[in-house]
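The file final04.cif comes next; it holds mmCIF, C-alpha atoms.
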```cif
data_upload
#
loop_
_atom_site.label_atom_id
_atom_site.label_comp_id
_atom_site.auth_asym_id
_atom_site.auth_seq_id
_atom_site.Cartn_x
_atom_site.Cartn_y
_atom_site.Cartn_z
CA MET A 1 117.91 106.57 118.47
CA LYS A 2 121.10 105.61 116.69
CA GLN A 3 121.44 107.36 113.33
CA PRO A 4 122.48 105.28 110.31
CA GLN A 5 126.01 105.66 109.08
CA ILE A 6 126.34 108.20 106.29
CA LEU A 7 127.26 106.06 103.29
CA GLY A 8 127.31 108.56 100.43
CA PRO A 9 125.53 111.56 98.92
CA GLN A 10 122.22 112.38 100.56
CA ILE A 11 119.05 111.83 98.52
CA LEU A 12 115.89 113.51 99.82
CA ILE A 13 112.77 111.36 99.29
CA CYS A 14 109.24 112.71 99.39
CA GLY A 15 106.00 110.73 99.25
CA TYR A 16 102.99 109.77 101.35
CA TYR A 17 105.20 107.92 103.82
CA GLY A 18 104.72 107.50 107.56
CA TYR A 19 100.92 107.58 107.51
CA GLY A 20 100.32 103.84 107.85
CA ASN A 21 99.18 103.25 104.27
CA ALA A 22 100.48 99.83 103.21
CA GLY A 23 100.62 100.70 99.52
CA ASP A 24 102.75 103.78 100.07
CA GLU A 25 104.99 101.99 102.57
CA ALA A 26 105.45 99.22 99.99
CA LEU A 27 106.52 101.84 97.46
CA LEU A 28 109.02 103.32 99.91
CA LEU A 29 110.44 99.87 100.64
CA ALA A 30 110.75 99.14 96.91
CA LEU A 31 112.48 102.50 96.33
CA LEU A 32 114.95 101.96 99.19
CA GLN A 33 115.77 98.49 97.88
CA GLN A 34 116.50 99.95 94.44
CA LEU A 35 118.68 102.68 95.95
CA ARG A 36 120.68 100.08 97.89
CA GLN A 37 121.41 98.26 94.63
CA LEU A 38 123.05 101.31 93.02
CA PRO A 39 126.73 100.91 92.07
CA ASN A 40 127.67 103.78 94.41
CA PRO A 41 126.12 104.06 97.88
CA VAL A 42 123.76 106.92 98.74
CA GLN A 43 122.15 108.05 101.98
CA PRO A 44 118.33 108.28 101.75
CA VAL A 45 116.56 110.94 103.80
CA VAL A 46 112.80 110.28 103.97
CA LEU A 47 110.21 112.97 104.70
CA SER A 48 107.72 111.69 107.25
CA PRO A 49 105.19 113.00 109.78
CA ARG A 50 106.74 110.46 112.21
CA PRO A 51 110.45 110.69 111.40
CA GLU A 52 111.66 108.64 114.36
CA ALA A 53 109.39 105.70 113.48
CA THR A 54 110.29 105.90 109.79
CA ALA A 55 114.02 106.02 110.58
CA ALA A 56 113.75 103.03 112.92
CA THR A 57 111.66 100.96 110.51
CA TYR A 58 113.81 101.44 107.42
CA GLY A 59 117.28 102.27 108.78
CA VAL A 60 117.42 105.66 107.06
CA LEU A 61 117.64 109.30 108.01
CA ALA A 62 114.24 110.94 108.29
CA CYS A 63 113.14 114.57 108.19
CA PRO A 64 109.94 116.02 109.71
CA ARG A 65 107.60 116.46 106.77
CA PHE A 66 106.29 119.90 107.74
CA ASP A 67 109.38 121.38 109.41
CA GLY A 68 110.45 124.17 107.05
CA TRP A 69 113.85 124.70 108.71
CA ALA A 70 114.68 121.00 108.60
CA LEU A 71 113.58 120.83 104.97
CA ARG A 72 115.81 123.76 104.09
CA ARG A 73 118.76 122.13 105.85
CA TYR A 74 118.33 118.76 104.14
CA LEU A 75 117.75 120.36 100.75
CA GLY A 76 121.04 122.19 101.24
CA GLN A 77 122.84 118.95 102.09
CA SER A 78 121.29 116.73 99.38
CA GLN A 79 122.34 116.16 95.79
CA ALA A 80 119.00 114.86 94.51
CA PHE A 81 115.29 114.97 95.28
CA ILE A 82 113.08 111.95 94.53
CA TRP A 83 109.35 112.42 94.34
CA GLY A 84 108.35 108.88 95.23
CA GLY A 85 105.64 106.80 93.64
CA GLY A 86 101.91 106.68 94.11
CA SER A 87 98.87 108.78 93.27
CA LEU A 88 100.32 111.98 94.69
CA LEU A 89 99.50 114.30 91.81
CA GLN A 90 95.71 114.51 91.93
CA ASP A 91 93.32 117.15 93.22
CA ARG A 92 90.11 115.14 93.48
CA THR A 93 90.37 114.86 97.28
CA SER A 94 92.22 118.14 97.97
CA TRP A 95 94.25 120.84 96.24
CA ARG A 96 96.58 121.09 99.25
CA SER A 97 98.27 117.74 98.65
CA PRO A 98 99.47 118.41 95.08
CA LEU A 99 100.42 121.95 96.10
CA TYR A 100 102.70 120.52 98.82
CA TYR A 101 104.42 118.03 96.52
CA LEU A 102 104.74 120.37 93.55
CA GLY A 103 106.00 123.17 95.78
CA LEU A 104 108.73 120.93 97.17
CA MET A 105 109.71 119.84 93.67
CA LEU A 106 110.04 123.44 92.51
CA TRP A 107 111.98 124.34 95.67
CA ALA A 108 114.44 121.50 95.02
CA GLN A 109 114.80 122.52 91.37
CA ARG A 110 115.53 126.13 92.28
CA ARG A 111 118.25 124.96 94.66
CA GLY A 112 119.89 123.08 91.79
CA LEU A 113 119.15 119.51 92.91
CA LYS A 114 118.57 116.71 90.45
CA THR A 115 114.83 116.05 90.63
CA LEU A 116 113.37 112.66 89.77
CA ALA A 117 109.67 111.83 89.60
CA TRP A 118 109.75 108.07 90.25
CA ALA A 119 106.87 105.67 89.49
CA GLN A 120 104.27 108.42 89.56
CA GLY A 121 100.57 108.34 88.89
CA ILE A 122 98.98 111.53 87.55
CA GLY A 123 95.38 112.66 87.71
CA PRO A 124 92.65 113.49 88.03
CA LEU A 125 93.66 117.17 87.80
CA GLN A 126 90.46 119.17 87.88
CA ARG A 127 91.85 122.65 88.59
CA GLY A 128 93.55 124.59 85.82
CA TRP A 129 96.13 126.22 88.09
CA ILE A 130 97.13 122.83 89.53
CA ARG A 131 97.52 121.47 85.98
CA GLU A 132 99.79 124.38 85.04
CA LEU A 133 101.86 124.04 88.22
CA ALA A 134 102.20 120.30 87.55
CA ARG A 135 103.29 120.91 83.98
CA ARG A 136 105.96 123.42 85.08
CA SER A 137 107.25 121.22 87.89
CA LEU A 138 107.45 118.07 85.79
CA ALA A 139 108.99 119.89 82.83
CA GLY A 140 111.85 120.89 85.13
CA CYS A 141 112.56 117.32 86.30
CA THR A 142 115.83 115.62 85.48
CA ALA A 143 113.91 112.42 84.63
CA ILE A 144 110.43 110.97 85.09
CA SER A 145 108.94 107.49 85.26
CA VAL A 146 105.21 106.82 85.52
CA ARG A 147 103.30 103.62 86.19
CA ASP A 148 100.34 103.67 83.81
CA ALA A 149 98.97 104.92 80.50
CA VAL A 150 96.80 107.61 82.13
CA ALA A 151 99.85 109.35 83.63
CA SER A 152 101.77 108.88 80.40
CA GLN A 153 99.00 110.59 78.43
CA TRP A 154 99.25 113.71 80.63
CA LEU A 155 102.98 113.91 79.97
CA ARG A 156 102.61 113.28 76.24
CA ASP A 157 100.06 116.09 76.05
CA TRP A 158 102.58 118.37 77.79
CA GLY A 159 105.46 117.21 75.58
CA ILE A 160 107.53 115.98 78.55
CA PRO A 161 109.85 112.97 78.05
CA HIS A 162 109.29 110.05 80.42
CA GLN A 163 109.39 106.29 80.91
CA VAL A 164 106.36 104.05 81.50
CA ALA A 165 106.61 100.88 83.58
CA PRO A 166 104.38 98.91 85.98
CA ASP A 167 104.27 99.83 89.64
CA PRO A 168 107.50 98.90 91.50
CA VAL A 169 105.53 96.91 94.09
CA TRP A 170 105.31 94.16 91.47
CA GLY A 171 108.95 93.41 92.23
CA LEU A 172 108.68 93.56 96.01
CA PRO A 173 109.56 90.17 97.55
CA ALA A 174 106.76 88.38 99.40
CA LYS A 175 107.14 86.73 102.80
CA THR A 176 104.69 84.52 104.68
CA LEU A 177 103.65 84.65 108.31
CA PRO A 178 104.43 81.63 110.51
CA GLU A 179 100.69 80.90 110.89
CA TRP A 180 100.06 81.14 107.14
CA GLU A 181 100.01 77.35 106.64
CA ARG A 182 97.55 76.86 109.51
CA TRP A 183 94.84 79.08 108.03
CA PRO A 184 91.95 77.02 106.66
CA GLN A 185 91.59 76.41 102.94
CA PRO A 186 90.12 77.56 100.61
CA ARG A 187 90.72 81.25 101.23
CA ILE A 188 89.18 84.43 99.88
CA ALA A 189 90.88 87.78 100.55
CA VAL A 190 88.86 91.00 100.78
CA VAL A 191 90.49 94.44 100.60
CA LEU A 192 88.14 97.39 101.10
CA ARG A 193 88.77 101.03 101.96
CA GLN A 194 86.71 103.90 103.30
CA HIS A 195 85.30 106.01 100.47
CA PRO A 196 82.23 108.22 99.97
CA GLN A 197 80.99 105.85 97.26
CA LEU A 198 81.10 102.94 99.70
CA THR A 199 77.82 103.92 101.34
CA PRO A 200 76.24 101.92 104.20
CA ALA A 201 73.77 100.48 101.70
CA ARG A 202 76.54 99.34 99.34
CA LEU A 203 78.51 97.88 102.24
CA GLU A 204 75.46 95.86 103.27
CA THR A 205 75.04 94.63 99.69
CA LEU A 206 78.72 93.59 99.59
CA ALA A 207 78.37 91.84 102.94
CA GLU A 208 75.33 89.88 101.78
CA GLY A 209 77.09 88.93 98.56
CA LEU A 210 80.06 87.69 100.62
CA ARG A 211 77.75 85.73 102.94
CA ARG A 212 76.31 83.90 99.95
CA LEU A 213 79.74 83.35 98.40
CA GLN A 214 81.09 81.93 101.65
CA ALA A 215 78.09 79.64 102.03
CA ALA A 216 78.61 78.33 98.48
CA THR A 217 82.37 77.80 98.76
CA GLY A 218 83.05 77.15 102.45
CA ALA A 219 85.94 79.62 102.14
CA TYR A 220 87.84 81.24 104.98
CA LEU A 221 87.73 85.02 104.57
CA LEU A 222 90.86 87.10 105.13
CA LEU A 223 89.95 90.76 105.63
CA LEU A 224 92.99 92.92 104.89
CA PRO A 225 93.08 96.58 106.01
CA PHE A 226 95.70 98.54 104.06
CA GLN A 227 95.36 101.84 105.95
CA LEU A 228 96.27 101.40 109.61
CA ALA A 229 96.76 103.96 112.34
CA PRO A 230 100.27 104.44 113.78
CA PRO A 231 101.50 101.69 116.13
CA GLY A 232 100.29 102.19 119.69
CA SER A 233 97.13 104.05 118.67
CA LEU A 234 93.91 102.91 120.34
CA ASP A 235 92.12 103.37 117.02
CA LEU A 236 93.65 101.04 114.41
CA GLY A 237 92.47 103.18 111.49
CA PRO A 238 89.59 103.53 109.02
CA ASP A 239 90.31 100.41 106.96
CA TYR A 240 90.55 98.30 110.12
CA ARG A 241 87.23 99.64 111.42
CA LEU A 242 85.66 98.90 108.06
CA ALA A 243 87.01 95.33 108.10
CA GLN A 244 85.59 94.86 111.61
CA GLN A 245 82.20 96.15 110.47
CA LEU A 246 82.26 93.70 107.60
CA GLN A 247 83.32 90.81 109.81
CA GLN A 248 80.38 91.44 112.14
CA ARG A 249 78.07 90.85 109.17
CA LEU A 250 79.69 87.51 108.24
CA PRO A 251 78.49 84.44 110.16
CA GLY A 252 81.16 82.20 108.58
CA PRO A 253 84.84 81.92 109.62
CA SER A 254 86.93 85.02 108.94
CA GLN A 255 89.90 86.93 110.27
CA VAL A 256 90.90 90.61 110.26
CA LEU A 257 94.67 90.84 109.79
CA GLU A 258 96.79 93.68 111.17
CA ILE A 259 99.94 93.52 109.02
CA ARG A 260 102.30 96.47 108.62
CA ASP A 261 105.19 94.80 106.80
CA PRO A 262 104.44 95.18 103.04
CA CYS A 263 106.32 91.98 102.20
CA LEU A 264 104.21 89.98 104.68
CA LEU A 265 101.05 91.63 103.40
CA LYS A 266 101.93 90.61 99.86
CA GLY A 267 102.62 87.06 101.02
CA VAL A 268 99.08 86.71 102.42
CA PHE A 269 97.79 86.39 98.83
CA ARG A 270 99.79 83.20 98.18
CA GLY A 271 97.35 80.33 97.80
CA VAL A 272 94.27 82.56 97.92
CA ARG A 273 91.52 81.33 95.58
CA LEU A 274 90.02 84.78 94.98
CA ALA A 275 90.84 88.37 95.96
CA ILE A 276 88.04 90.94 95.99
CA VAL A 277 90.01 94.16 95.96
CA MET A 278 89.27 97.85 96.14
CA ARG A 279 92.78 99.22 96.76
CA TYR A 280 95.25 99.63 93.90
CA HIS A 281 98.21 98.02 95.66
CA GLY A 282 96.01 95.22 96.94
CA LEU A 283 95.33 94.43 93.30
CA VAL A 284 99.05 94.63 92.44
CA MET A 285 100.04 92.35 95.33
CA ALA A 286 97.32 89.78 94.67
CA ALA A 287 97.96 89.62 90.92
CA ALA A 288 101.72 89.35 91.51
CA GLU A 289 101.11 86.28 93.70
CA GLY A 290 99.10 84.58 90.96
CA CYS A 291 95.72 85.18 92.58
CA PRO A 292 92.50 85.60 90.55
CA CYS A 293 91.13 89.07 91.29
CA PHE A 294 87.81 90.89 91.14
CA GLY A 295 88.14 94.66 91.38
CA LEU A 296 85.89 97.30 92.91
CA SER A 297 87.07 100.51 91.27
CA TYR A 298 86.72 103.87 93.02
CA ASP A 299 89.46 105.54 90.94
CA PRO A 300 90.64 105.41 87.29
CA LYS A 301 93.96 103.87 88.39
CA VAL A 302 92.18 100.74 89.63
CA LYS A 303 90.03 100.44 86.51
CA THR A 304 93.06 100.96 84.26
CA LEU A 305 95.05 98.22 86.00
CA LEU A 306 92.11 95.81 85.86
CA GLY A 307 91.93 96.39 82.11
CA GLU A 308 95.68 95.82 81.69
CA LEU A 309 95.43 92.57 83.65
CA GLY A 310 92.31 91.37 81.84
CA MET A 311 90.54 90.85 85.16
CA PRO A 312 86.87 91.55 85.95
CA GLY A 313 85.43 94.24 88.17
CA TRP A 314 82.84 96.95 88.64
CA ASP A 315 82.99 100.65 89.27
CA LEU A 316 82.01 101.00 92.90
CA GLU A 317 79.19 103.43 92.15
CA ALA A 318 77.73 100.99 89.61
CA ILE A 319 77.77 97.72 91.55
CA PRO A 320 74.47 95.83 91.36
CA GLU A 321 71.97 96.46 94.12
CA ASP A 322 71.05 92.77 94.10
CA PRO A 323 73.56 90.82 96.24
CA GLU A 324 72.79 87.70 94.22
CA ALA A 325 74.36 89.37 91.17
CA LEU A 326 77.52 89.97 93.19
CA HIS A 327 77.49 86.41 94.44
CA ARG A 328 77.16 84.96 90.92
CA ALA A 329 79.94 87.16 89.51
CA TRP A 330 82.29 86.36 92.39
CA LEU A 331 81.47 82.64 92.28
CA ALA A 332 82.30 82.53 88.57
CA CYS A 333 85.61 84.26 89.26
CA TYR A 334 86.29 81.91 92.17
CA ALA A 335 85.66 78.87 90.00
CA ASP A 336 87.44 79.97 86.83
CA GLY A 337 88.75 83.51 87.20
CA PRO A 338 91.74 84.74 85.22
CA ALA A 339 95.05 84.69 87.09
CA LEU A 340 98.55 85.50 85.89
CA SER A 341 100.85 82.57 85.23
CA PRO A 342 104.36 82.59 86.76
CA ASP A 343 105.76 83.54 83.34
CA GLN A 344 103.32 86.45 83.04
CA VAL A 345 104.15 87.64 86.56
CA ALA A 346 107.85 87.50 85.65
CA VAL A 347 107.20 89.83 82.71
CA TRP A 348 105.40 92.36 84.93
CA VAL A 349 108.21 92.20 87.49
CA GLU A 350 110.87 92.63 84.80
CA ARG A 351 109.08 95.61 83.31
CA SER A 352 108.64 97.22 86.73
CA ALA A 353 112.43 97.18 87.17
CA GLN A 354 112.65 100.00 84.60
CA HIS A 355 112.06 102.43 87.47
CA ALA A 356 115.40 101.25 88.92
CA GLN A 357 117.09 102.07 85.61
CA LEU A 358 115.99 105.67 86.06
CA LEU A 359 117.84 105.80 89.38
CA ARG A 360 120.99 104.17 87.98
CA GLN A 361 121.11 106.59 85.06
CA HIS A 362 120.67 109.81 87.01
CA LEU A 363 121.91 109.44 90.58
CA PRO A 364 125.53 109.92 91.69
#
```
Rewrite the structure of this file - the entire thing - as structure tokens.
Amino acid sequence: MKQPQILGPQILICGYYGYGNAGDEALLLALLQQLRQLPNPVQPVVLSPRPEATAATYGVLACPRFDGWALRRYLGQSQAFIWGGGSLLQDRTSWRSPLYYLGLMLWAQRRGLKTLAWAQGIGPLQRGWIRELARRSLAGCTAISVRDAVASQWLRDWGIPHQVAPDPVWGLPAKTLPEWERWPQPRIAVVLRQHPQLTPARLETLAEGLRRLQAATGAYLLLLPFQLAPPGSLDLGPDYRLAQQLQQRLPGPSQVLEIRDPCLLKGVFRGVRLAIVMRYHGLVMAAAEGCPCFGLSYDPKVKTLLGELGMPGWDLEAIPEDPEALHRAWLACYADGPALSPDQVAVWVERSAQHAQLLRQHLP
């Protein structure tokens, strides 16, 4: 594979990249676009479990995520370390993930690199030793930007200066697929993800609610998996399997979309009458395209964003057991749900650009 031309100082970038998660890939794409707009060129080096695929997709250098010798070499060659956006600093699912990211941050700081925490989410942090390690690592950062009030509160409690701005994916350009205009209207988009709270019983309740909603509206359902397996895998990933399971329960017209380009995925929401969304970046993309949204929150970040947008939703563990209650709530949102106007979207996009200011102020 041909390596990209070295354009300037190397910047090592760490996040949950290369795993097929559309939200994290959208964040990486947004970060690379902001880096390419800097006054002076830099050479991004992205940590990835599949460095060859990441390098080919984005035209960057890539470093094996768990190769200690390669990490040491790139840290020695780089001038800055960017801890990319997303919900990386949380220990609800595992303590190993925050330990990995915080350990890398401390390693970069000890080697004298500028360290930037860019568009971060923080929490939940349930373990005291993880909280203390997070406080130490973030206190040593050159600069920090976070994407919501929950993360900002952690930093205020720790007395650490930072900026707050909406997620950078708000500013990601949307593109449409060639077949987009041929899909039937009206359209409803559904974005679910595997989660312990999404039990088989709840999935069946959601499916029955969608059956009734589709019967009442005649809508074409677009089922959008955000977590896909690597290209070439026989198993397309947990979100795709979940979308297939849901489709099998829907007698009306529907389609499961396999889209890996974040800009194309965002463009799917153009012209959609209602988005029923469980994933955080599904909510960002749909709202940014002016789509009325109904959220199913499995995490405080989703509930927080719903509140900021003024859009309805339920905590996943508290959804009604009666599918008719779901149907009525969704039908009301379909008929007259709140959506952002173009002017309101422009404000969110403008505010999200503050993360780019962080890069301009502190990178070479």
Problem - Expansion of the PyMOL selection byres ((chain A and resi 125) around 12) into residues, as a list in words - result: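 Written out, the selection comes to Ser87, Leu88, Leu89, Gln90, Asp91, Arg92, Thr93, Ser94, Trp95, Ser97, Pro98, Leu99, Gly121, Ile122, Gly123, Pro124, Gln126, Arg127, Gly128, Trp129, Ile130, Arg131, Glu132, Leu133, Ala134, Arg135, Val150, Ala151 and Trp154 of chain A.
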Keeping C-alpha atoms, export the residues of the selection given above as a short mmCIF file (atom, residue, chain, number, x, y, z; two decimals), in the frame of the given file.
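Everything below was put into out.cif:
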```cif
data_model
loop_
_atom_site.label_atom_id
_atom_site.label_comp_id
_atom_site.auth_asym_id
_atom_site.auth_seq_id
_atom_site.Cartn_x
_atom_site.Cartn_y
_atom_site.Cartn_z
CA SER A 87 98.87 108.78 93.27
CA LEU A 88 100.32 111.98 94.69
CA LEU A 89 99.50 114.30 91.81
CA GLN A 90 95.71 114.51 91.93
CA ASP A 91 93.32 117.15 93.22
CA ARG A 92 90.11 115.14 93.48
CA THR A 93 90.37 114.86 97.28
CA SER A 94 92.22 118.14 97.97
CA TRP A 95 94.25 120.84 96.24
CA SER A 97 98.27 117.74 98.65
CA PRO A 98 99.47 118.41 95.08
CA LEU A 99 100.42 121.95 96.10
CA GLY A 121 100.57 108.34 88.89
CA ILE A 122 98.98 111.53 87.55
CA GLY A 123 95.38 112.66 87.71
CA PRO A 124 92.65 113.49 88.03
CA GLN A 126 90.46 119.17 87.88
CA ARG A 127 91.85 122.65 88.59
CA GLY A 128 93.55 124.59 85.82
CA TRP A 129 96.13 126.22 88.09
CA ILE A 130 97.13 122.83 89.53
CA ARG A 131 97.52 121.47 85.98
CA GLU A 132 99.79 124.38 85.04
CA LEU A 133 101.86 124.04 88.22
CA ALA A 134 102.20 120.30 87.55
CA ARG A 135 103.29 120.91 83.98
CA VAL A 150 96.80 107.61 82.13
CA ALA A 151 99.85 109.35 83.63
CA TRP A 154 99.25 113.71 80.63
#
```
Residue by residue, what does the PyMOL selection byres ((chain A and resi 304-311) around 8) grab here? Present the result as an mmCIF file with C-alpha atoms, keeping the file's coordinate frame.
```cif
data_model
loop_
_atom_site.group_PDB
_atom_site.id
_atom_site.type_symbol
_atom_site.label_atom_id
_atom_site.label_comp_id
_atom_site.auth_asym_id
_atom_site.auth_seq_id
_atom_site.Cartn_x
_atom_site.Cartn_y
_atom_site.Cartn_z
ATOM 1 C CA ASP A 148 100.340 103.670 83.810
ATOM 2 C CA VAL A 150 96.800 107.610 82.130
ATOM 3 C CA PRO A 292 92.500 85.600 90.550
ATOM 4 C CA CYS A 293 91.130 89.070 91.290
ATOM 5 C CA PHE A 294 87.810 90.890 91.140
ATOM 6 C CA GLY A 295 88.140 94.660 91.380
ATOM 7 C CA PRO A 300 90.640 105.410 87.290
ATOM 8 C CA LYS A 301 93.960 103.870 88.390
ATOM 9 C CA VAL A 302 92.180 100.740 89.630
ATOM 10 C CA LYS A 303 90.030 100.440 86.510
ATOM 11 C CA PRO A 312 86.870 91.550 85.950
ATOM 12 C CA GLY A 313 85.430 94.240 88.170
ATOM 13 C CA GLY A 337 88.750 83.510 87.200
ATOM 14 C CA PRO A 338 91.740 84.740 85.220
ATOM 15 C CA ALA A 339 95.050 84.690 87.090
#
```
Problem - Proximity to Ser297 (chain A) - best of A:Tyr240, A:Tyr58, A:Tyr74, A:Trp314, all atoms listed in the file - result: A:Trp314
Fill in the blank from the handout: Using all atoms listed in the file, the shortest atom-to-atom distance to Gly271 (chain A) among A:Ala286, A:Leu316, A:Leu242, A:Leu116 belongs to A:Ala286
Fill in the blank from the handout: The distance between CA of Asp67 (chain A) and CA of Gln43 (chain A) is 19.9 Å
Counting all atoms listed in the file, which residues in region 168-265 of chain A sit no more than 12 Å from region 140-147 of chain A? For each one, give the nearest pair of atoms and the distance in Å, sorted by chain then residue number, as a tab-separated table.
```
residue	atom	partner	partner_atom	distance
A:Pro168	CA	A:Arg147	CA	8.3
A:Val169	CA	A:Arg147	CA	10.6
A:Trp170	CA	A:Arg147	CA	11.0
```
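Distance-wise, CA of Ile319 (chain A) and CA of Thr205 (chain A) end up 9.1 Å apart.
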Exercise for the section: Go through A:Gln245, A:Gln354, A:Asn40, A:Gln194 one by one, measure the shortest atom-to-atom distance of each to Met278 (chain A) using all atoms listed in the file, and give the residue with the smallest value. Expected result: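 Closest to Met278 (chain A), using all atoms listed in the file: A:Gln194.
Nearest residue to Leu363 (chain A) among A:Leu113, A:Val256, A:Val46, A:Val60 is A:Leu113, counting all atoms listed in the file.
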